[in-house]
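Have a look at my_file_27.tsv; it's TSV, C-alpha atoms and all ligand atoms:
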chain	number	residue	atom	x	y	z
A	1	MET	CA	-10.88	23.50	14.96
A	2	THR	CA	-13.76	24.62	12.75
A	3	PRO	CA	-14.23	22.93	9.36
A	4	ALA	CA	-12.98	26.16	7.75
A	5	ALA	CA	-9.84	26.20	9.93
A	6	ARG	CA	-9.11	22.60	8.91
A	7	VAL	CA	-9.40	23.64	5.26
A	8	GLN	CA	-7.02	26.59	5.78
A	9	THR	CA	-4.51	24.28	7.51
A	10	ALA	CA	-4.70	21.80	4.63
A	11	ILE	CA	-4.06	24.69	2.20
A	12	GLU	CA	-0.90	25.71	4.07
A	13	LEU	CA	0.36	22.12	4.32
A	14	LEU	CA	-0.29	21.52	0.62
A	15	ASP	CA	1.79	24.62	-0.20
A	16	GLN	CA	4.72	23.03	1.65
A	17	ILE	CA	4.19	19.73	-0.18
A	18	LEU	CA	4.15	21.59	-3.52
A	19	GLU	CA	7.52	23.08	-2.58
A	20	GLY	CA	8.87	19.50	-2.40
A	21	THR	CA	8.59	18.39	1.24
A	22	PRO	CA	7.19	14.82	1.54
A	23	ALA	CA	3.55	14.75	2.69
A	24	GLU	CA	4.18	12.57	5.77
A	25	LYS	CA	6.93	14.91	6.99
A	26	VAL	CA	4.72	17.97	6.55
A	27	LEU	CA	1.77	16.37	8.36
A	28	THR	CA	3.87	15.03	11.25
A	29	GLY	CA	5.64	18.40	11.67
A	30	TRP	CA	2.29	20.21	11.81
A	31	ALA	CA	0.79	17.71	14.28
A	32	ARG	CA	3.80	18.14	16.60
A	33	LYS	CA	3.55	21.94	16.58
A	34	SER	CA	-0.24	22.06	16.91
A	35	ARG	CA	-1.14	20.70	20.32
A	36	PHE	CA	-4.51	22.48	20.06
A	37	ALA	CA	-5.54	20.09	17.24
A	38	GLY	CA	-7.43	17.04	18.51
A	39	SER	CA	-7.39	13.60	16.89
A	40	LYS	CA	-10.48	14.40	14.79
A	41	ASP	CA	-8.89	17.64	13.54
A	42	ARG	CA	-5.69	15.79	12.58
A	43	ALA	CA	-7.64	13.08	10.79
A	44	ALA	CA	-9.74	15.66	8.90
A	45	VAL	CA	-6.69	17.69	7.81
A	46	ARG	CA	-4.89	14.52	6.76
A	47	ASP	CA	-7.92	13.38	4.75
A	48	HIS	CA	-8.08	16.76	2.93
A	49	VAL	CA	-4.37	16.60	2.05
A	50	PHE	CA	-4.46	12.98	0.87
A	51	ASP	CA	-7.72	13.45	-1.07
A	52	VAL	CA	-6.06	16.31	-2.96
A	53	LEU	CA	-2.92	14.27	-3.65
A	54	ARG	CA	-4.98	11.36	-4.93
A	55	ARG	CA	-6.85	13.67	-7.32
A	56	ARG	CA	-4.20	16.35	-7.80
A	57	ARG	CA	-4.79	16.56	-11.51
A	58	SER	CA	-8.57	16.46	-11.80
A	59	VAL	CA	-9.22	18.92	-8.95
A	60	LEU	CA	-7.31	21.64	-10.80
A	61	ALA	CA	-9.19	23.51	-13.52
A	62	ALA	CA	-7.31	23.90	-16.82
A	63	ASP	CA	-4.99	26.96	-16.85
A	64	THR	CA	-5.16	27.34	-13.07
A	65	VAL	CA	-1.92	27.81	-11.15
A	66	GLU	CA	-1.35	24.93	-8.72
A	67	THR	CA	-1.40	26.18	-5.13
A	68	GLY	CA	-2.70	24.73	-1.89
A	69	ARG	CA	-5.69	27.04	-2.16
A	70	SER	CA	-6.59	26.26	-5.79
A	71	LEU	CA	-6.27	22.52	-5.14
A	72	MET	CA	-8.47	22.66	-2.03
A	73	ILE	CA	-11.11	24.75	-3.83
A	74	GLY	CA	-11.13	22.21	-6.66
A	75	LEU	CA	-11.41	19.27	-4.27
A	76	LEU	CA	-14.23	20.79	-2.22
A	77	ALA	CA	-16.09	21.90	-5.35
A	78	GLN	CA	-15.75	18.44	-6.88
A	79	ASP	CA	-17.17	16.95	-3.66
A	80	GLY	CA	-20.11	19.40	-3.63
A	81	ALA	CA	-19.09	21.27	-0.42
A	82	ASP	CA	-20.55	24.71	0.40
A	83	LEU	CA	-17.58	26.88	-0.63
A	84	GLU	CA	-19.17	30.21	0.36
A	85	ASP	CA	-19.59	28.89	3.89
A	86	LEU	CA	-16.03	27.53	4.22
A	87	PHE	CA	-14.34	30.51	2.52
A	88	SER	CA	-16.01	33.23	4.61
A	89	GLY	CA	-12.86	34.92	5.91
A	90	GLN	CA	-14.04	34.33	9.49
A	91	GLY	CA	-11.84	33.06	12.35
A	92	TYR	CA	-8.95	30.82	11.22
A	93	GLY	CA	-10.68	29.89	7.97
A	94	PRO	CA	-9.52	30.82	4.45
A	95	SER	CA	-10.12	34.28	2.97
A	96	VAL	CA	-13.29	34.93	0.93
A	97	LEU	CA	-13.57	33.56	-2.61
A	98	SER	CA	-12.30	35.77	-5.45
A	99	VAL	CA	-14.01	35.98	-8.86
A	100	GLU	CA	-11.44	33.46	-10.20
A	101	ASP	CA	-12.09	31.09	-7.29
A	102	ARG	CA	-15.82	31.16	-8.03
A	103	ALA	CA	-15.17	30.40	-11.70
A	104	MET	CA	-13.14	27.35	-10.65
A	105	ASP	CA	-16.05	26.13	-8.56
A	106	GLU	CA	-18.12	25.94	-11.75
A	107	VAL	CA	-15.43	24.22	-13.83
A	108	MET	CA	-14.92	21.62	-11.12
A	109	GLN	CA	-18.43	20.34	-11.36
A	110	SER	CA	-16.98	18.17	-14.15
A	111	GLU	CA	-13.96	15.88	-13.73
A	112	ARG	CA	-10.89	16.65	-15.83
A	113	ALA	CA	-8.64	13.62	-15.85
A	114	LEU	CA	-7.78	10.37	-14.18
A	115	ASP	CA	-5.18	11.81	-11.85
A	116	LEU	CA	-2.25	9.93	-13.33
A	117	PRO	CA	1.16	11.41	-14.22
A	118	ASP	CA	1.43	11.87	-18.02
A	119	TRP	CA	4.21	9.32	-18.47
A	120	VAL	CA	2.52	6.64	-16.34
A	121	GLN	CA	-0.92	6.71	-17.97
A	122	PRO	CA	0.13	5.03	-21.28
A	123	LEU	CA	2.08	2.36	-19.41
A	124	LEU	CA	-0.93	1.55	-17.23
A	125	GLN	CA	-3.22	1.61	-20.24
A	126	ALA	CA	-1.00	-0.87	-22.08
A	127	SER	CA	-0.72	-3.06	-18.97
A	128	LEU	CA	-4.40	-3.15	-18.05
A	129	GLY	CA	-6.14	-2.97	-21.45
A	130	ASP	CA	-9.94	-2.86	-21.05
A	131	ALA	CA	-9.64	-2.84	-17.26
A	132	PHE	CA	-7.61	0.41	-17.29
A	133	LEU	CA	-10.48	2.85	-16.67
A	134	GLU	CA	-11.98	0.93	-13.75
A	135	ASN	CA	-8.55	0.59	-12.10
A	136	ALA	CA	-7.69	4.27	-12.62
A	137	LYS	CA	-11.02	5.38	-11.14
A	138	ALA	CA	-10.55	3.12	-8.11
A	139	LEU	CA	-7.12	4.73	-7.52
A	140	ARG	CA	-8.86	8.09	-6.99
A	141	LYS	CA	-10.83	6.83	-3.99
A	142	ARG	CA	-9.82	6.30	-0.38
A	143	ALA	CA	-8.74	2.71	0.42
A	144	PRO	CA	-10.62	0.62	2.97
A	145	VAL	CA	-8.81	-0.91	5.98
A	146	PHE	CA	-8.46	-4.70	6.08
A	147	LEU	CA	-7.36	-7.02	8.84
A	148	ARG	CA	-5.81	-10.47	8.58
A	149	VAL	CA	-7.00	-13.00	11.11
A	150	ASN	CA	-4.25	-15.25	12.49
A	151	LEU	CA	-5.86	-18.65	11.98
A	152	GLN	CA	-3.19	-20.27	14.18
A	153	LYS	CA	-4.73	-18.47	17.16
A	154	THR	CA	-8.41	-17.89	16.43
A	155	THR	CA	-11.22	-17.99	13.85
A	156	ARG	CA	-12.65	-15.16	11.76
A	157	GLU	CA	-15.95	-15.29	13.65
A	158	ALA	CA	-14.28	-15.13	17.08
A	159	ALA	CA	-12.09	-12.24	15.89
A	160	ILE	CA	-15.17	-10.29	14.69
A	161	ASP	CA	-16.81	-10.70	18.13
A	162	LEU	CA	-13.69	-9.73	20.07
A	163	LEU	CA	-13.05	-6.66	17.90
A	164	ARG	CA	-16.65	-5.53	18.45
A	165	THR	CA	-16.08	-5.39	22.23
A	166	ASP	CA	-13.40	-2.74	21.53
A	167	GLY	CA	-15.58	-0.69	19.16
A	168	VAL	CA	-14.15	-2.08	15.89
A	169	GLU	CA	-16.89	-3.25	13.51
A	170	THR	CA	-15.79	-5.61	10.75
A	171	VAL	CA	-17.34	-7.74	8.02
A	172	VAL	CA	-16.03	-10.83	6.28
A	173	CYS	CA	-14.14	-10.05	3.04
A	174	PRO	CA	-14.71	-12.80	0.45
A	175	LEU	CA	-11.29	-12.31	-1.20
A	176	ALA	CA	-9.42	-14.44	1.36
A	177	ASP	CA	-10.42	-16.80	4.18
A	178	THR	CA	-8.39	-14.67	6.62
A	179	ALA	CA	-9.67	-11.22	5.59
A	180	LEU	CA	-11.95	-8.79	7.43
A	181	GLU	CA	-12.94	-5.31	6.25
A	182	VAL	CA	-13.15	-2.64	8.95
A	183	ILE	CA	-16.36	-0.65	8.58
A	184	GLU	CA	-16.19	1.28	11.88
A	185	GLY	CA	-13.44	2.27	14.31
A	186	PRO	CA	-10.23	1.64	12.27
A	187	ARG	CA	-8.22	3.90	14.60
A	188	LYS	CA	-9.15	1.70	17.57
A	189	VAL	CA	-7.46	-1.38	16.04
A	190	PRO	CA	-3.94	-0.92	17.53
A	191	ASN	CA	-5.34	-0.70	21.07
A	192	SER	CA	-7.80	-3.55	20.70
A	193	GLN	CA	-7.39	-6.79	22.64
A	194	ALA	CA	-7.56	-8.78	19.40
A	195	PHE	CA	-4.48	-6.91	18.14
A	196	LYS	CA	-2.54	-7.14	21.41
A	197	GLU	CA	-3.21	-10.90	21.61
A	198	GLY	CA	-1.88	-11.43	18.07
A	199	TYR	CA	-5.24	-12.52	16.66
A	200	ILE	CA	-5.17	-9.90	13.91
A	201	GLU	CA	-2.79	-7.74	11.87
A	202	VAL	CA	-3.54	-4.92	9.43
A	203	GLN	CA	-2.99	-6.21	5.88
A	204	ASP	CA	-4.65	-5.53	2.54
A	205	ALA	CA	-7.04	-8.18	1.25
A	206	SER	CA	-5.17	-8.78	-2.03
A	207	SER	CA	-1.91	-9.49	-0.16
A	208	GLN	CA	-3.81	-12.04	1.92
A	209	ALA	CA	-5.36	-13.56	-1.21
A	210	ALA	CA	-1.87	-13.85	-2.74
A	211	ILE	CA	-0.50	-15.64	0.33
A	212	ALA	CA	-3.44	-18.09	0.06
A	213	GLN	CA	-2.22	-18.99	-3.48
A	214	LEU	CA	1.27	-20.06	-2.33
A	215	PRO	CA	2.07	-23.79	-2.32
A	216	LEU	CA	2.45	-23.83	1.49
A	217	ARG	CA	2.52	-27.14	3.37
A	218	ASP	CA	3.19	-27.93	7.03
A	219	GLY	CA	6.87	-28.58	7.77
A	220	MET	CA	8.20	-26.40	4.93
A	221	ARG	CA	11.31	-24.25	5.17
A	222	VAL	CA	10.30	-20.79	3.97
A	223	LEU	CA	12.50	-17.76	3.23
A	224	ASP	CA	10.88	-14.30	3.06
A	225	TYR	CA	13.69	-12.73	1.04
A	226	CYS	CA	12.42	-9.10	1.01
A	227	ALA	CA	10.72	-9.23	4.39
A	228	GLY	CA	10.50	-5.50	5.24
A	229	GLY	CA	8.19	-5.18	8.25
A	230	GLY	CA	7.45	-8.91	7.97
A	231	GLY	CA	3.75	-8.66	7.09
A	232	LYS	CA	4.01	-11.52	4.57
A	233	THR	CA	6.22	-13.66	6.85
A	234	LEU	CA	3.51	-13.47	9.50
A	235	ALA	CA	0.79	-14.15	6.93
A	236	MET	CA	2.60	-17.31	5.75
A	237	GLY	CA	3.15	-18.36	9.36
A	238	GLY	CA	-0.57	-17.91	9.96
A	239	ARG	CA	-1.30	-20.63	7.39
A	240	ILE	CA	1.19	-23.42	8.17
A	241	GLY	CA	3.57	-24.71	10.80
A	242	GLY	CA	7.12	-24.60	9.44
A	243	THR	CA	10.53	-22.94	9.63
A	244	PHE	CA	10.49	-19.24	8.77
A	245	VAL	CA	13.52	-17.16	7.89
A	246	ALA	CA	13.32	-13.43	7.14
A	247	HIS	CA	15.88	-11.37	5.23
A	248	ASP	CA	16.03	-7.84	3.83
A	249	ALA	CA	18.74	-5.80	2.13
A	250	LEU	CA	17.94	-3.10	4.71
A	251	PRO	CA	17.87	-5.03	8.02
A	252	GLN	CA	16.51	-2.00	9.91
A	253	ARG	CA	13.25	-2.47	7.99
A	254	MET	CA	12.76	-5.70	9.99
A	255	SER	CA	13.22	-4.04	13.39
A	256	ASP	CA	9.55	-4.54	14.40
A	257	LEU	CA	9.43	-8.14	13.20
A	258	PRO	CA	10.57	-9.85	16.46
A	259	VAL	CA	7.80	-8.07	18.43
A	260	ARG	CA	5.18	-8.78	15.78
A	261	ALA	CA	6.23	-12.44	15.49
A	262	ASP	CA	6.13	-12.81	19.26
A	263	ARG	CA	2.60	-11.38	19.35
A	264	ALA	CA	1.54	-13.80	16.60
A	265	GLY	CA	3.15	-16.75	18.40
A	266	LEU	CA	5.49	-17.40	15.44
A	267	GLN	CA	9.20	-18.20	15.50
A	268	VAL	CA	11.09	-16.27	12.84
A	269	GLN	CA	14.85	-16.29	12.34
A	270	ILE	CA	16.39	-13.17	10.84
A	271	PHE	CA	19.37	-13.90	8.56
A	272	ASP	CA	21.80	-11.66	6.68
A	273	ASP	CA	23.41	-12.62	3.34
A	274	ASN	CA	26.31	-14.47	5.01
A	275	GLN	CA	24.00	-16.61	7.12
A	276	LEU	CA	21.84	-17.36	4.09
A	277	THR	CA	24.79	-18.67	2.07
A	278	ARG	CA	25.45	-21.26	4.80
A	279	GLU	CA	21.82	-22.46	4.78
A	280	PRO	CA	20.57	-25.43	2.71
A	281	GLY	CA	18.08	-24.50	-0.05
A	282	PHE	CA	14.56	-23.49	0.99
A	283	ASP	CA	11.27	-25.06	-0.15
A	284	LEU	CA	9.79	-21.63	-0.84
A	285	VAL	CA	11.54	-18.31	-1.40
A	286	PHE	CA	9.04	-15.47	-1.31
A	287	CYS	CA	10.24	-12.29	-3.07
A	288	ASP	CA	7.94	-9.36	-2.31
A	289	VAL	CA	10.17	-7.09	-4.37
A	290	PRO	CA	10.45	-3.31	-4.16
A	291	CYS	CA	8.20	-1.87	-6.89
A	292	SER	CA	6.36	1.22	-8.11
A	293	GLY	CA	3.54	0.43	-5.69
A	294	SER	CA	1.13	1.52	-8.44
A	295	GLY	CA	-1.51	-0.93	-7.16
A	296	THR	CA	-1.51	0.90	-3.80
A	297	TRP	CA	-1.08	4.53	-4.88
A	298	ARG	CA	-4.39	5.54	-3.28
A	299	ARG	CA	-2.80	4.72	0.11
A	300	SER	CA	0.31	6.81	-0.63
A	301	PRO	CA	-0.83	9.27	-3.32
A	302	ASP	CA	2.29	11.37	-2.80
A	303	ALA	CA	4.36	8.49	-4.22
A	304	LYS	CA	2.33	8.55	-7.45
A	305	TRP	CA	3.46	12.10	-8.28
A	306	ARG	CA	7.06	11.55	-7.10
A	307	PHE	CA	7.60	8.35	-9.13
A	308	SER	CA	9.83	8.98	-12.19
A	309	PRO	CA	10.98	7.02	-15.27
A	310	ASP	CA	14.44	6.79	-13.65
A	311	ASP	CA	12.87	5.26	-10.53
A	312	LEU	CA	11.15	2.64	-12.68
A	313	LYS	CA	14.38	1.79	-14.48
A	314	ALA	CA	16.26	1.40	-11.18
A	315	LEU	CA	13.49	-0.80	-9.74
A	316	LEU	CA	13.49	-3.09	-12.77
A	317	ASP	CA	17.23	-3.69	-12.27
A	318	VAL	CA	16.80	-4.46	-8.54
A	319	GLN	CA	13.86	-6.78	-9.21
A	320	SER	CA	15.81	-8.90	-11.72
A	321	GLU	CA	18.83	-9.01	-9.41
A	322	ILE	CA	16.61	-10.28	-6.56
A	323	LEU	CA	15.14	-12.99	-8.79
A	324	ASP	CA	18.62	-14.11	-9.87
A	325	ASN	CA	19.77	-14.27	-6.22
A	326	ALA	CA	16.64	-16.18	-5.20
A	327	CYS	CA	17.63	-19.07	-7.52
A	328	ASP	CA	20.63	-19.77	-5.27
A	329	ARG	CA	18.43	-19.89	-2.17
A	330	VAL	CA	15.84	-22.44	-3.27
A	331	ASN	CA	16.23	-26.26	-3.21
A	332	SER	CA	15.93	-28.37	-6.37
A	333	SER	CA	12.17	-28.97	-6.03
A	334	GLY	CA	11.40	-25.60	-4.43
A	335	THR	CA	9.41	-22.59	-5.61
A	336	ILE	CA	10.24	-18.91	-6.04
A	337	ALA	CA	7.18	-16.72	-5.50
A	338	TYR	CA	7.61	-13.29	-7.14
A	339	ALA	CA	5.20	-10.62	-5.91
A	340	THR	CA	4.62	-6.92	-6.55
A	341	CYS	CA	1.89	-4.46	-5.66
A	342	SER	CA	2.33	-2.99	-9.15
A	343	MET	CA	-0.05	-2.92	-12.09
A	344	LEU	CA	2.74	-2.33	-14.62
A	345	ARG	CA	3.51	-5.15	-17.04
A	346	GLU	CA	7.17	-4.04	-17.04
A	347	GLU	CA	7.47	-5.02	-13.35
A	348	ASN	CA	5.28	-8.12	-13.64
A	349	GLU	CA	4.99	-10.41	-16.69
A	350	ASN	CA	7.95	-8.79	-18.51
A	351	GLN	CA	10.15	-9.32	-15.49
A	352	ILE	CA	9.15	-13.02	-15.37
A	353	ASP	CA	9.73	-13.43	-19.14
A	354	ARG	CA	13.19	-11.90	-18.82
A	355	PHE	CA	14.01	-14.18	-15.87
A	356	ILE	CA	13.07	-17.29	-17.85
A	357	ALA	CA	15.09	-16.05	-20.83
A	358	ARG	CA	18.13	-15.80	-18.48
A	359	HIS	CA	17.42	-19.15	-16.73
A	360	SER	CA	16.19	-21.74	-19.22
A	361	ASP	CA	15.93	-24.39	-16.47
A	362	TRP	CA	13.08	-22.43	-14.83
A	363	THR	CA	9.40	-22.19	-15.76
A	364	CYS	CA	6.46	-20.10	-14.59
A	365	SER	CA	3.77	-22.45	-13.24
A	366	ALA	CA	1.11	-19.82	-12.41
A	367	THR	CA	0.41	-16.08	-12.40
A	368	HIS	CA	-2.32	-14.27	-10.48
A	369	HIS	CA	-3.52	-10.67	-10.81
A	370	TRP	CA	-5.63	-8.69	-8.38
A	371	GLN	CA	-7.04	-5.51	-9.93
A	372	ILE	CA	-7.52	-2.27	-7.99
A	373	THR	CA	-11.16	-2.12	-6.95
A	374	GLU	CA	-13.09	-0.33	-4.23
A	375	ARG	CA	-12.47	-3.45	-2.17
A	376	CYS	CA	-8.79	-4.25	-2.71
A	377	ASP	CA	-5.39	-3.01	-3.84
A	378	GLY	CA	-3.67	-4.22	-6.99
A	379	PHE	CA	-1.27	-7.16	-6.61
A	380	PHE	CA	0.67	-9.56	-8.83
A	381	LEU	CA	2.03	-13.02	-8.03
A	382	ALA	CA	4.05	-15.43	-10.17
A	383	LEU	CA	5.18	-18.92	-9.11
A	384	LEU	CA	8.46	-20.18	-10.57
A	385	THR	CA	9.83	-23.73	-10.41
A	386	ARG	CA	12.71	-25.61	-12.03
A	387	THR	CA	11.76	-27.59	-15.15
B	1	LIG	C1	7.66	-4.34	-0.95
B	1	LIG	S1	8.79	-4.20	0.35
B	1	LIG	C2	8.47	-5.64	1.29
B	1	LIG	C3	7.25	-5.54	2.16
B	1	LIG	C4	7.10	-6.72	3.10
B	1	LIG	N1	7.16	-7.99	2.43
B	1	LIG	C5	5.81	-6.66	3.93
B	1	LIG	O1	4.90	-7.45	3.71
B	1	LIG	O2	5.74	-5.79	4.81
B	1	LIG	C6	10.31	-4.60	-0.45
B	1	LIG	C7	11.50	-4.80	0.47
B	1	LIG	O3	12.59	-5.27	-0.33
B	1	LIG	C8	13.79	-4.82	0.27
B	1	LIG	N2	14.87	-4.93	-0.73
B	1	LIG	C9	15.28	-4.03	-1.64
B	1	LIG	N3	16.30	-4.50	-2.38
B	1	LIG	C10	16.55	-5.76	-1.91
B	1	LIG	C11	17.49	-6.77	-2.26
B	1	LIG	N4	18.37	-6.59	-3.25
B	1	LIG	N5	17.47	-7.94	-1.56
B	1	LIG	C12	16.57	-8.12	-0.57
B	1	LIG	N6	15.66	-7.19	-0.19
B	1	LIG	C13	15.64	-6.04	-0.86
B	1	LIG	C14	13.45	-3.42	0.72
B	1	LIG	O4	14.33	-2.99	1.72
B	1	LIG	C15	11.99	-3.56	1.19
B	1	LIG	O5	11.93	-3.74	2.57

How does the structure come out when it is put into structure tokens?
Amino acid sequence: MTPAARVQTAIELLDQILEGTPAEKVLTGWARKSRFAGSKDRAAVRDHVFDVLRRRRSVLAADTVETGRSLMIGLLAQDGADLEDLFSGQGYGPSVLSVEDRAMDEVMQSERALDLPDWVQPLLQASLGDAFLENAKALRKRAPVFLRVNLQKTTREAAIDLLRTDGVETVVCPLADTALEVIEGPRKVPNSQAFKEGYIEVQDASSQAAIAQLPLRDGMRVLDYCAGGGGKTLAMGGRIGGTFVAHDALPQRMSDLPVRADRAGLQVQIFDDNQLTREPGFDLVFCDVPCSGSGTWRRSPDAKWRFSPDDLKALLDVQSEILDNACDRVNSSGTIAYATCSMLREENENQIDRFIARHSDWTCSATHHWQITERCDGFFLALLTRT
């Protein structure tokens, strides 16, 4: 596909997304139907679509109707692309620029907004204070890819060397002693020997840094209460030898965990609610609760525009219910670790304050924040123990 044809495809896919179809569904549907598109074409179209969604507000000039075409023109103009060349009307590319399109090109030389939904911006501002602007700007950029090195199987240095033999270039990330940033060849990671041998997993650096802050000791009994795909279970298992139990309200979310654990050389038991009630209390109950994901919105920019005040309210209820349930799963000297990838105070400190107001025998021994930067996603961790 020519660069212009990729732009026209992105325009058509964005129109479908604007009609309400989720971005992933639109992109997968197109990839299935378009056998002529190679992997580079797919990646380029995907990048166009996600760049627009990340900056959906600022790429649109004031008073311009939101269409796939107007959004793509705004994006390309903001990035300094040669619009006359791309919009030439040739081949499968988009039709030539109108007078209005050219006017937009000029407007877009300046940025309009921070690309946040109106109702979210004040909440983020109140939550982040002076750090708000830096965080909001970082959310408009593409996120880097990070790997977690499984220290039970190898070292960071050996992992760097092995990845290089498969065309994946990485550098040490200072945020965590397990973290590597991929600077070349991220798409080659799943087929690399390092991945197949269980030496590495894909995981953001702030999640790894949070796991490094947990009070983990060899021999502990650990429950990952909201395990999902099990990324945090594996990360905890990469740090200590112990007993690991995974649980999730939606067990199908854990379907890949046995294969991943096997690759990592970790034994993980998967328990439902009934099995958990028969278990003695755990030393650590890790609650990576469902949340707005606002610290990771640059990875799923579609979610940013879909997220509503009702969604937030429902999440707050689920988060407090999970914390209340976690109390029954932890032994008398154990710790509850509450984690979100949210930047919103409502989901973080306020949730902890409300928990302590409901459970006066509990105290918060530490909180940690990771801000959204070019280098890492936003993350929040609170450690709770009985007084
Ligand atoms: C943020 S995700 C977890 C991601 C996972 N820890 C990882 O590293 O891949 C939150 C998970 O909580 C689960 N969940 C939602 N409500 C729950 C509940 N009441 N009890 C336990 N898990 C719940 C969701 O199904 C989802 O998989």

For this session: Can you work out the spacing between CA of Ile270 (chain A) and CA of Ala246 (chain A) in Å, to one decimal?
Result: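 Here the two named atoms are 4.8 Å from each other.
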
Exercise. Any idea what's packed within 6 Å of region 332-338 of chain A, counting all atoms listed in the file, ignoring anything in its chain fewer than 2 positions away? Could you give it as a ChimeraX atom specification?
Worked result: /A:283-287,330,381-385

Problem set entry | Test item: residues at most 10 Å from region 58-75 of chain A, only C-alpha atoms, excluding those fewer than 2 positions along its chain, as an MDAnalysis selection string | chainID A and resid 7:19 48:49 51:56 77:81 83 86:87 94:95 97 100:116 140

For this session: Can you work out the spacing between CA of Ser308 (chain A) and CA of Ala205 (chain A) in Å, to one decimal?
Result: 27.6 Å

Exercise. Which protein, DNA or RNA residues have an atom within 8 Å of ligand LIG 1 (chain B), counting only C-alpha atoms and all ligand atoms, as a PyMOL selection string?
Worked result: chain A and resi 224-233+247-251+253-254+287-291+293+318-319+321-322+340-341

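Among the candidates A:Gly242, A:Gly20, A:Gly378, A:Pro301, the residue lying nearest to Phe50 (chain A) is A:Pro301 (atoms considered: only C-alpha atoms).
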
For this session: Using only C-alpha atoms, determine which residues lie at most 12 Å from Asn135 (chain A), disregarding the query and same-chain residues fewer than 2 positions distant; provide the list as number ranges by chain.
Result: A: 114-116, 121, 124-125, 127-133, 137-141, 294-298, 342-344, 370-379

Problem set entry | For CA of Thr277 (chain A) and CA of Val222 (chain A), the interatomic separation in Å (one decimal) | 14.8 Å

For this session: With a distance cut-off of 12 Å and all atoms listed in the file, select the neighbouring residues of Ile183 (chain A), excluding the residue or stretch itself and same-chain residues fewer than 3 positions from it, and output the selection as an MDAnalysis selection string.
Result: chainID A and resid 143:147 160 163:164 167:173 180 186:189 375

Seminar exercise, completed: Counting only C-alpha atoms, the residue among A:Ala326, A:Ala264, A:Val45, A:Ala366 that lies closest to Gln152 (chain A) is A:Ala264

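Among the candidate residues A:Pro280, A:Pro3, A:Gly89, A:Gly185, the one lying nearest to Thr165 (chain A) is A:Gly185, with distances computed using only C-alpha atoms.
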
For this session: For each of A:Asp47, A:Thr21, A:Tyr92, A:Ala159, take the minimum atom-to-atom distance to Ala4 (chain A), counting all atoms listed in the file, then give the residue where this is smallest.
Result: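 Closest candidate: A:Tyr92.
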
Exercise. Using all atoms listed in the file, which of the listed residues (A:Leu223, A:Leu151, A:Ile200, A:Ala210) sits closest to Ala176 (chain A)?
Worked result: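 For Ala176 (chain A), the nearest of the given residues is A:Ala210.
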
Exercise. From the list A:Gly265, A:Ser192, A:Gly93, A:Ala136, which residue is nearest Asn150 (chain A) when using only C-alpha atoms?
Worked result: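 Nearest candidate to Asn150 (chain A) out of A:Gly265, A:Ser192, A:Gly93, A:Ala136: A:Gly265.
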